[in-house]
Structure formats: structure tokens, C-alpha cells
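Quick look at entry-v7.cif (mmCIF, C-alpha atoms):
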data_structure
loop_
_atom_site.label_atom_id
_atom_site.label_comp_id
_atom_site.auth_asym_id
_atom_site.auth_seq_id
_atom_site.Cartn_x
_atom_site.Cartn_y
_atom_site.Cartn_z
CA MET A 3 125.01 75.56 193.73
CA TYR A 4 125.35 77.63 190.52
CA ASN A 5 127.57 80.72 190.55
CA LEU A 6 125.41 83.75 189.68
CA LYS A 7 128.32 85.60 188.10
CA SER A 8 129.09 82.63 185.83
CA ILE A 9 125.45 82.38 184.78
CA ILE A 10 125.38 86.09 183.88
CA LEU A 11 128.65 85.84 181.91
CA THR A 12 127.45 82.73 180.07
CA ALA A 13 124.16 84.40 179.20
CA GLY A 14 126.04 87.41 177.90
CA VAL A 15 128.20 85.26 175.64
CA VAL A 16 125.15 83.43 174.29
CA LEU A 17 123.32 86.70 173.59
CA ALA A 18 126.37 88.20 171.89
CA ALA A 19 126.79 85.10 169.73
CA SER A 20 123.08 85.14 168.84
CA ALA A 21 123.31 88.80 167.83
CA ALA A 22 126.35 88.10 165.65
CA VAL A 23 124.54 85.25 163.90
CA ALA A 24 121.47 87.45 163.40
CA GLN A 25 123.62 90.09 161.72
CA GLU A 26 125.05 87.64 159.18
CA LYS A 27 122.62 87.77 156.26
CA PRO A 28 122.60 85.18 153.47
CA ALA A 29 124.41 86.62 150.44
CA LEU A 30 123.20 86.35 146.84
CA ALA A 31 125.37 87.38 143.86
CA PHE A 32 124.54 88.33 140.27
CA VAL A 33 127.67 87.96 138.08
CA VAL A 34 127.71 89.46 134.57
CA ASN A 35 129.86 88.52 131.58
CA ALA A 36 131.54 91.89 130.90
CA ALA A 37 131.36 95.58 131.75
CA SER A 38 128.60 97.07 129.59
CA ASP A 39 125.85 99.65 130.05
CA PHE A 40 123.43 96.88 129.15
CA TRP A 41 123.74 95.54 132.69
CA LYS A 42 122.57 98.75 134.37
CA LEU A 43 118.98 97.53 134.06
CA SER A 44 119.81 94.23 135.76
CA GLU A 45 121.55 96.18 138.49
CA ALA A 46 118.39 98.26 138.94
CA GLY A 47 116.39 95.02 139.18
CA VAL A 48 118.73 93.69 141.88
CA LYS A 49 118.36 96.99 143.75
CA ALA A 50 114.56 96.69 143.60
CA ALA A 51 114.76 93.12 144.89
CA GLN A 52 117.00 94.22 147.76
CA ALA A 53 114.23 96.51 149.01
CA GLU A 54 111.93 93.47 149.21
CA LEU A 55 114.56 91.13 150.68
CA PRO A 56 115.88 92.97 153.75
CA GLY A 57 117.06 89.69 155.25
CA TYR A 58 119.57 89.15 152.41
CA GLU A 59 122.70 90.86 151.16
CA LEU A 60 122.50 91.21 147.37
CA GLN A 61 125.63 91.76 145.30
CA PHE A 62 126.06 92.79 141.66
CA ARG A 63 129.50 91.86 140.35
CA TYR A 64 131.46 92.54 137.17
CA PRO A 65 134.55 90.44 136.30
CA ALA A 66 137.77 92.42 135.74
CA GLN A 67 137.52 91.40 132.06
CA GLY A 68 134.95 89.50 130.03
CA THR A 69 136.69 86.12 130.10
CA ALA A 70 135.55 82.76 131.41
CA ALA A 71 138.72 82.42 133.51
CA LEU A 72 138.12 85.68 135.37
CA GLN A 73 134.40 84.94 135.76
CA ASN A 74 135.15 81.55 137.26
CA ALA A 75 137.81 83.01 139.56
CA LEU A 76 135.28 85.61 140.72
CA MET A 77 132.79 82.84 141.55
CA ASP A 78 135.45 80.98 143.50
CA ASP A 79 136.13 84.18 145.47
CA LEU A 80 132.43 84.67 146.15
CA VAL A 81 132.02 81.13 147.46
CA ALA A 82 135.13 81.48 149.62
CA ALA A 83 133.67 84.70 151.05
CA GLY A 84 130.47 82.87 152.07
CA THR A 85 128.09 83.73 149.22
CA ASP A 86 125.06 81.44 149.45
CA ALA A 87 123.80 81.42 145.83
CA ILE A 88 125.01 82.76 142.48
CA MET A 89 123.37 83.75 139.19
CA ILE A 90 125.75 84.21 136.23
CA SER A 91 125.76 85.15 132.55
CA SER A 92 128.48 82.87 131.20
CA ALA A 93 131.05 84.32 128.81
CA ASP A 94 132.01 80.85 127.55
CA PRO A 95 129.62 78.14 128.79
CA LYS A 96 131.05 75.29 126.72
CA ASN A 97 134.49 75.69 128.28
CA SER A 98 133.22 76.43 131.78
CA ILE A 99 131.34 73.21 132.56
CA ASP A 100 133.90 71.89 135.04
CA ALA A 101 134.15 75.26 136.80
CA PHE A 102 130.36 75.62 136.92
CA ASN A 103 129.96 72.13 138.33
CA ARG A 104 132.59 72.86 140.98
CA ILE A 105 130.61 75.94 142.06
CA ALA A 106 127.26 74.12 141.82
CA ALA A 107 128.58 71.45 144.20
CA GLN A 108 129.06 74.15 146.84
CA VAL A 109 126.17 76.61 146.38
CA PRO A 110 122.98 76.80 144.27
CA LEU A 111 124.01 78.06 140.81
CA PHE A 112 121.66 79.70 138.31
CA THR A 113 122.32 81.15 134.86
CA THR A 114 120.94 84.18 133.03
CA ASP A 115 121.38 85.76 129.57
CA SER A 116 123.76 83.01 128.35
CA ASP A 117 122.89 79.54 129.59
CA ALA A 118 125.15 76.59 130.41
CA PRO A 119 122.61 73.77 130.02
CA ASP A 120 125.23 71.01 130.15
CA SER A 121 126.33 72.08 133.63
CA ASN A 122 124.71 71.35 136.98
CA ARG A 123 123.12 74.77 137.17
CA ILE A 124 119.64 74.66 138.71
CA ALA A 125 117.81 76.84 136.20
CA TYR A 126 118.21 79.47 133.49
CA LEU A 127 116.28 82.73 133.81
CA GLY A 128 116.39 84.98 130.77
CA SER A 129 115.41 85.37 127.16
CA SER A 130 114.79 82.70 124.60
CA ASN A 131 117.70 83.77 122.43
CA THR A 132 116.38 81.74 119.52
CA ALA A 133 113.04 83.56 119.70
CA ALA A 134 114.87 86.89 119.95
CA GLY A 135 116.88 86.00 116.86
CA VAL A 136 113.67 85.16 115.04
CA GLN A 137 112.27 88.60 115.95
CA ALA A 138 115.43 90.25 114.61
CA GLY A 139 114.99 88.32 111.39
CA GLU A 140 111.37 89.43 111.18
CA ILE A 141 112.47 93.07 111.41
CA ALA A 142 114.88 92.43 108.53
CA VAL A 143 112.20 90.75 106.41
CA GLU A 144 109.73 93.60 107.05
CA SER A 145 112.37 96.17 106.14
CA MET A 146 113.91 94.45 103.11
CA PRO A 147 111.12 93.15 100.87
CA ASP A 148 113.55 92.74 97.98
CA GLY A 149 116.07 90.77 100.02
CA GLY A 150 119.74 91.54 100.54
CA LYS A 151 123.00 90.46 102.10
CA CYS A 152 123.54 90.92 105.84
CA MET A 153 126.67 90.89 107.98
CA GLY A 154 126.35 90.12 111.68
CA PHE A 155 128.45 91.37 114.58
CA VAL A 156 128.67 89.80 118.04
CA GLY A 157 130.87 89.53 121.11
CA PHE A 158 131.43 85.85 121.86
CA LEU A 159 130.84 83.70 118.79
CA GLY A 160 130.75 80.52 120.87
CA ALA A 161 128.38 81.72 123.60
CA ASP A 162 124.96 80.08 123.58
CA ASN A 163 123.16 83.42 123.41
CA ALA A 164 125.10 84.34 120.25
CA VAL A 165 124.72 80.94 118.59
CA GLU A 166 120.97 80.86 119.27
CA ARG A 167 120.33 84.44 118.13
CA ILE A 168 122.18 83.83 114.89
CA ALA A 169 120.28 80.57 114.30
CA GLY A 170 116.96 82.29 115.01
CA PHE A 171 117.77 85.09 112.59
CA ARG A 172 118.67 82.63 109.83
CA GLN A 173 115.46 80.71 110.51
CA ALA A 174 113.33 83.84 110.15
CA VAL A 175 114.90 85.06 106.89
CA GLU A 176 114.91 81.69 105.16
CA GLY A 177 113.24 81.94 101.76
CA SER A 178 112.97 85.74 101.93
CA GLY A 179 115.93 86.55 99.70
CA ILE A 180 117.86 87.79 102.74
CA GLU A 181 121.17 86.06 103.48
CA LEU A 182 123.27 86.34 106.63
CA VAL A 183 126.62 86.05 104.90
CA ASP A 184 128.83 85.92 107.99
CA VAL A 185 129.14 87.02 111.63
CA ARG A 186 132.23 88.77 112.99
CA GLY A 187 133.18 88.27 116.65
CA ASP A 188 134.99 90.82 118.83
CA ASP A 189 135.29 89.17 122.30
CA VAL A 190 133.68 92.30 123.84
CA ASP A 191 136.56 94.48 122.69
CA PHE A 192 134.79 97.73 121.77
CA ALA A 193 137.60 98.98 119.53
CA ARG A 194 137.55 95.70 117.64
CA ALA A 195 133.75 95.85 117.42
CA ARG A 196 134.08 99.18 115.61
CA SER A 197 136.96 98.05 113.37
CA ASN A 198 134.97 94.96 112.36
CA VAL A 199 132.28 97.24 110.91
CA ASP A 200 134.84 99.52 109.23
CA ASP A 201 136.49 96.48 107.65
CA VAL A 202 133.18 95.21 106.25
CA LEU A 203 132.35 98.62 104.79
CA ALA A 204 135.72 98.68 103.04
CA ALA A 205 135.88 95.07 101.88
CA ASN A 206 132.24 94.10 101.30
CA PRO A 207 130.41 96.74 99.23
CA ASP A 208 127.65 94.23 98.46
CA ILE A 209 126.48 94.18 102.10
CA THR A 210 123.11 95.94 102.38
CA CYS A 211 122.21 94.98 105.94
CA MET A 212 123.98 94.79 109.31
CA VAL A 213 122.84 93.02 112.46
CA GLY A 214 124.31 93.82 115.87
CA PHE A 215 123.72 90.76 118.05
CA TYR A 216 125.12 92.18 121.34
CA SER A 217 124.03 95.41 123.01
CA TYR A 218 127.14 97.44 122.13
CA ASN A 219 127.34 96.24 118.50
CA PRO A 220 124.55 98.45 117.11
CA PRO A 221 126.12 101.67 118.52
CA LYS A 222 129.44 100.69 116.91
CA ILE A 223 127.61 100.07 113.63
CA TYR A 224 126.03 103.51 113.98
CA GLU A 225 129.42 105.17 114.58
CA ALA A 226 130.99 103.47 111.57
CA LEU A 227 128.09 104.23 109.22
CA GLN A 228 127.95 107.83 110.38
CA ALA A 229 131.71 108.26 109.80
CA ALA A 230 131.38 106.71 106.34
CA GLY A 231 128.35 108.84 105.43
CA LYS A 232 126.23 105.72 104.98
CA LEU A 233 123.58 106.10 107.67
CA GLY A 234 120.26 105.16 106.09
CA ASP A 235 121.92 103.43 103.13
CA ILE A 236 122.32 100.13 104.96
CA THR A 237 119.47 98.43 106.84
CA VAL A 238 120.45 97.91 110.48
CA VAL A 239 118.80 95.57 112.97
CA GLY A 240 119.83 95.93 116.59
CA PHE A 241 119.67 94.04 119.85
CA ASP A 242 118.93 95.62 123.21
CA GLU A 243 118.27 99.16 124.29
CA ASP A 244 121.44 101.21 124.17
CA PRO A 245 120.46 104.91 123.96
CA ILE A 246 122.29 105.26 120.63
CA THR A 247 120.35 102.30 119.26
CA LEU A 248 117.01 103.70 120.42
CA GLY A 249 117.89 107.12 119.02
CA ALA A 250 118.74 105.53 115.67
CA VAL A 251 115.41 103.69 115.64
CA ARG A 252 113.63 106.95 116.46
CA GLU A 253 115.33 108.87 113.64
CA GLY A 254 114.83 106.03 111.16
CA SER A 255 118.53 105.18 110.73
CA PHE A 256 117.89 101.69 112.15
CA ALA A 257 114.98 99.45 111.11
CA GLY A 258 114.41 98.32 114.68
CA THR A 259 115.84 96.49 117.65
CA VAL A 260 114.93 93.44 119.71
CA VAL A 261 114.89 94.18 123.41
CA GLN A 262 115.22 91.84 126.34
CA ASP A 263 114.19 92.53 129.91
CA PRO A 264 117.40 92.47 131.98
CA TYR A 265 115.66 94.38 134.77
CA GLN A 266 113.51 91.31 135.39
CA TRP A 267 116.55 89.04 135.28
CA GLY A 268 117.99 90.93 138.22
CA TYR A 269 114.70 91.32 140.09
CA GLN A 270 113.25 87.86 139.51
CA GLY A 271 116.66 86.21 139.80
CA MET A 272 117.24 87.46 143.32
CA LYS A 273 113.71 86.55 144.41
CA LEU A 274 114.11 83.09 142.87
CA MET A 275 117.39 82.39 144.66
CA ALA A 276 116.09 83.66 148.00
CA ALA A 277 113.03 81.41 147.74
CA TYR A 278 115.23 78.46 146.75
CA LEU A 279 117.45 78.93 149.80
CA GLU A 280 114.34 79.00 151.97
CA GLY A 281 113.28 75.62 150.60
CA ASP A 282 110.69 76.87 148.08
CA LYS A 283 111.62 75.26 144.76
CA SER A 284 108.26 75.84 143.09
CA GLY A 285 109.75 78.59 140.92
CA VAL A 286 112.03 76.11 139.14
CA PRO A 287 110.18 74.42 136.25
CA ALA A 288 110.84 70.83 135.26
CA ASP A 289 112.86 71.86 132.19
CA GLY A 290 114.88 74.40 134.18
CA LEU A 291 113.98 77.24 131.80
CA ILE A 292 112.32 80.46 133.00
CA ILE A 293 111.76 82.56 129.89
CA VAL A 294 111.32 86.34 130.09
CA PRO A 295 109.79 87.48 126.74
CA THR A 296 111.59 89.75 124.29
CA LYS A 297 109.90 92.27 122.01
CA LYS A 298 110.46 94.23 118.82
CA ILE A 299 110.97 98.00 119.06
CA ASN A 300 110.42 100.23 116.05
CA LYS A 301 109.74 103.88 115.36
CA ALA A 302 106.10 103.52 116.47
CA ASN A 303 106.77 102.27 120.02
CA VAL A 304 110.30 103.46 120.82
CA ASP A 305 109.20 106.52 122.84
CA ALA A 306 106.91 104.52 125.13
CA PHE A 307 109.60 101.89 125.64
CA GLU A 308 112.27 104.46 126.48
CA ALA A 309 109.96 106.10 129.03
CA GLU A 310 109.56 102.72 130.74
CA LEU A 311 113.33 102.27 130.86
CA LYS A 312 113.89 105.66 132.47
CA ALA A 313 111.26 104.96 135.09
CA ARG A 314 112.95 101.68 136.04
CA VAL A 315 116.48 103.00 136.25
CA GLY A 316 115.34 106.15 138.00
CA GLY A 317 113.37 104.08 140.49
#
Rewrite the structure from the file as C-alpha cells, please.
Amino acid sequence: MYNLKSIILTAGVVLAASAAVAQEKPALAFVVNAASDFWKLSEAGVKAAQAELPGYELQFRYPAQGTAALQNALMDDLVAAGTDAIMISSADPKNSIDAFNRIAAQVPLFTTDSDAPDSNRIAYLGSSNTAAGVQAGEIAVESMPDGGKCMGFVGFLGADNAVERIAGFRQAVEGSGIELVDVRGDDVDFARARSNVDDVLAANPDITCMVGFYSYNPPKIYEALQAAGKLGDITVVGFDEDPITLGAVREGSFAGTVVQDPYQWGYQGMKLMAAYLEGDKSGVPADGLIIVPTKKINKANVDAFEAELKARVGG
């Protein structure tokens, strides 16, 4: 004969265990490549996705510094803590293949912003950086009908997003009389990003155009040109939607900027990973590339674009 007290105690243990399991939500993480205001839009996208994914815990994580070693250590920590899927913008994809493959062997791994196509990541969701570079080159061609010499500025010279943007720019200006003479890297050191521009102004008086390939580069170009009294004398093409960049486009100090859609990276990325964990892999195309279009912003459309940004971040 069964003991009633034992049955009640056993039932209580089972219910308690079931409740504990129910409270443990699958965790999804979005890992960026460095601390930058650029990522606020992705963070807003993750927040919007969280409202639609109440059964998941969504995390937005910055590495302590923008290095591959710290990024990879952060991913290891996330996996050890029970994170179920990760999306990352790689600071140095070529030297992170082994680390990425180690993570991908444990949890579904996706990339954004800067791809690592030689790794075992499942898919890349982000811009076509080559197409974005082409758009930047088109802005230069439209603004410099007589040609000129450009200097580029970027964070990680070896990152795929940088390499592809630079290649796209060169492709677009070919035969136009515009030459991208060189590109200076700064490893996402903001002080160095500024000094790179100051150095070019001092040492290269023949430069008539500057291209900021990462989000913080155009504001540093603006600061340096303003300090040198050369705003408007040098054609500037930007990337992304830093407020200083958009203000410079509005006032005519910059020719234009190419903007991505990092809000959608965060929003779509979380939805994609949640679906994947649930067994729905239909969102992953055969080539593993999910491209979110970029667009050119100039004086004519900058106000409408900025209003859209404020609505997203405010929401």
C-alpha cells in the first residue's frame, strides 16, 4: 500500500522541479566588437525583439575592449553560463576562426556587421559591406566631378567589413579621376582616430577628400577639420549615423553618409536565433547571407532619416 505522505512529498518535489525548469528561459546573446554609440540602435532592436519573445532572455554584451581575445573570452563565458545561441560582430575574423569554431561546436553561432565566412557560423545577418562601399564611392563621384585624392580612415584594417567597404569604394571611383591614396587604421582607439586625421592634414596637403569607414571616424574627421579651419574645404564621405555626421551632412560640411540598419540586426537577429532554436531553419538561406540594405543619406533626406532614428531609439 502506498504511503499518502510520501506521495504528497514526491508530488511536491516534482512540481517544484517543474516550476524551476519553467523559469529557466533560453538565453540569446548579441556581442558587439567595441563600445560605440553606433550599437545603441542594435540594442534598441534587441529590446524590441525581447517584447515579442517573452519566453527568452535576450542579452546585449560589449567586450571590455575591442579585441578578438576579449570577444572570444566573453563568448566562452556566455557559453559557460548557459547561453543557448550567440550573434557576434567579429573584431578580427581571420584570426578568430578556431575560437569561433569552438563556440559553434557548442551553441548556434551567427555573425553580424563583420562576417567570419571561413568559420562554422550558421549565417551572417547584416549589410553587404561591398555594396555600402560602392555607395560611399558614388557619393564621392557625385561630389567631386573633377576628381581628387582621398584618404580613408577605419578601425580594424583587417576586418572583413573594412576590407569590403574599401574595395567597394575603389570599385565605384574607378575611372572617375578620384583616387583612394591610402587608409589609416586606429584599432578603435578614438584618440588615435583623431590624430590620424591631424597627421594627414599636416603631411598630405594634396588630399582633397576624406572617407570615414567606421561610425566614429567621420566625427573625428569633423573635429580635426573644424580645429584646422578646413570644414568645407575637403570633401568628406561618412559611414553610419552618428549625430555629428548627420549634422555635418545637414549643414553641408559633409557630402553624405552611407547608413546601415543596425536596429534590424538586433531585432531580426534575435528572432532568427529564437526560430532556429525552435527547429525553424527556414530563415537561413543556402548561402548563409541575410543582407539588410544600406542607403545613401544627403542633405535632401537627412531630416527624415534622423526622425526615423529617434522614433526607434525612443521606442
Picked residues, the PyMOL selection byres ((chain A and resi 124-139) around 7), as a PyMOL selection string: chain A and resi 110-115+117+122-123+140-143+163+166-175+239+259-260+262+267+271+286+290-296+298
Hey, what comes out of the PyMOL selection byres ((chain A and resi 56) around 12) on this file? Could you write it as a PyMOL selection string? chain A and resi 25-29+49-55+57-60+272-273+276
Do you have the atom CA of Val213 of chain A-atom CA of Ala164 of chain A distance handy?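 It comes out at 11.9 Å.
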Nearest residue to Asn74 of chain A from the set A:Gly258, A:Gln61, A:Arg104, A:Asp208 (distances using all atoms listed in the file): A:Arg104
6 Å contact set for segment 31-39 of chain A, all atoms listed in the file, chain neighbours under 3 positions out, as a ChimeraX atom specification: /A:42,60-64,68,88-93
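Nearest to Asp191 of chain A of all the residues A:Thr85, A:Gly268, A:Val156, A:Ile209 is A:Val156, counting all atoms listed in the file.
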For the file shown, what are the residues hit by the PyMOL selection byres ((chain A and resi 186) around 6), laid out as a short mmCIF file (atom, residue, chain, number, x, y, z; two decimals) with C-alpha atoms, in the coordinates of the input?
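Output saved as selection.cif:
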data_model
loop_
_atom_site.label_atom_id
_atom_site.label_comp_id
_atom_site.auth_asym_id
_atom_site.auth_seq_id
_atom_site.Cartn_x
_atom_site.Cartn_y
_atom_site.Cartn_z
CA PHE A 155 128.45 91.37 114.58
CA VAL A 185 129.14 87.02 111.63
CA GLY A 187 133.18 88.27 116.65
#
Using all atoms listed in the file: which of A:Ala204, A:Val48, A:Leu279, A:Val199 has the shortest distance to Asp86 of chain A: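 Looking only at the distances to Asp86 of chain A, the closest residue turns out to be A:Leu279.
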Using all atoms listed in the file, can you tell me which of A:Ala46, A:Thr69, A:Leu30, A:Val238 comes closest to Tyr269 of chain A?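 For Tyr269 of chain A, the nearest of the candidates is A:Ala46.
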Slice of the block: segment 25-38 of chain A, N, CA, C and O atoms, as a compact mmCIF listing (two decimals), in the first residue's frame:
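Done, and the output landed in out-v7.txt:
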# COMPACT_ATOMS: atom_id res chain seq x y z
N GLN A 25 11.02 28.30 -15.22
CA GLN A 25 11.55 29.63 -15.03
C GLN A 25 12.86 29.85 -15.79
O GLN A 25 13.28 30.98 -15.99
N GLU A 26 13.53 28.78 -16.19
CA GLU A 26 14.78 28.90 -16.91
C GLU A 26 14.50 29.12 -18.39
O GLU A 26 14.15 28.20 -19.12
N LYS A 27 14.67 30.36 -18.84
CA LYS A 27 14.39 30.69 -20.23
C LYS A 27 15.65 30.50 -21.07
O LYS A 27 16.76 30.76 -20.60
N PRO A 28 15.50 30.08 -22.32
CA PRO A 28 16.66 30.04 -23.21
C PRO A 28 17.25 31.44 -23.34
O PRO A 28 16.51 32.43 -23.41
N ALA A 29 18.57 31.53 -23.36
CA ALA A 29 19.26 32.82 -23.41
C ALA A 29 19.91 33.03 -24.78
O ALA A 29 20.59 32.14 -25.30
N LEU A 30 19.71 34.22 -25.34
CA LEU A 30 20.31 34.61 -26.61
C LEU A 30 21.18 35.83 -26.36
O LEU A 30 20.78 36.75 -25.65
N ALA A 31 22.38 35.88 -26.98
CA ALA A 31 23.29 37.00 -26.75
C ALA A 31 23.72 37.64 -28.05
O ALA A 31 23.99 36.96 -29.05
N PHE A 32 23.78 38.97 -28.03
CA PHE A 32 24.27 39.78 -29.15
C PHE A 32 25.57 40.42 -28.65
O PHE A 32 25.56 41.23 -27.73
N VAL A 33 26.70 40.06 -29.26
CA VAL A 33 28.02 40.52 -28.82
C VAL A 33 28.60 41.47 -29.86
O VAL A 33 28.73 41.11 -31.04
N VAL A 34 28.95 42.69 -29.44
CA VAL A 34 29.47 43.68 -30.38
C VAL A 34 30.99 43.68 -30.37
O VAL A 34 31.63 43.01 -29.57
N ASN A 35 31.59 44.48 -31.27
CA ASN A 35 33.05 44.44 -31.42
C ASN A 35 33.78 45.48 -30.60
O ASN A 35 34.99 45.40 -30.42
N ALA A 36 33.07 46.50 -30.11
CA ALA A 36 33.70 47.56 -29.32
C ALA A 36 32.60 48.47 -28.79
O ALA A 36 31.49 48.51 -29.33
N ALA A 37 32.93 49.23 -27.76
CA ALA A 37 31.97 50.19 -27.21
C ALA A 37 31.88 51.39 -28.14
O ALA A 37 32.87 52.08 -28.39
N SER A 38 30.71 51.62 -28.71
CA SER A 38 30.50 52.73 -29.63
C SER A 38 29.01 53.07 -29.64
O SER A 38 28.16 52.18 -29.52
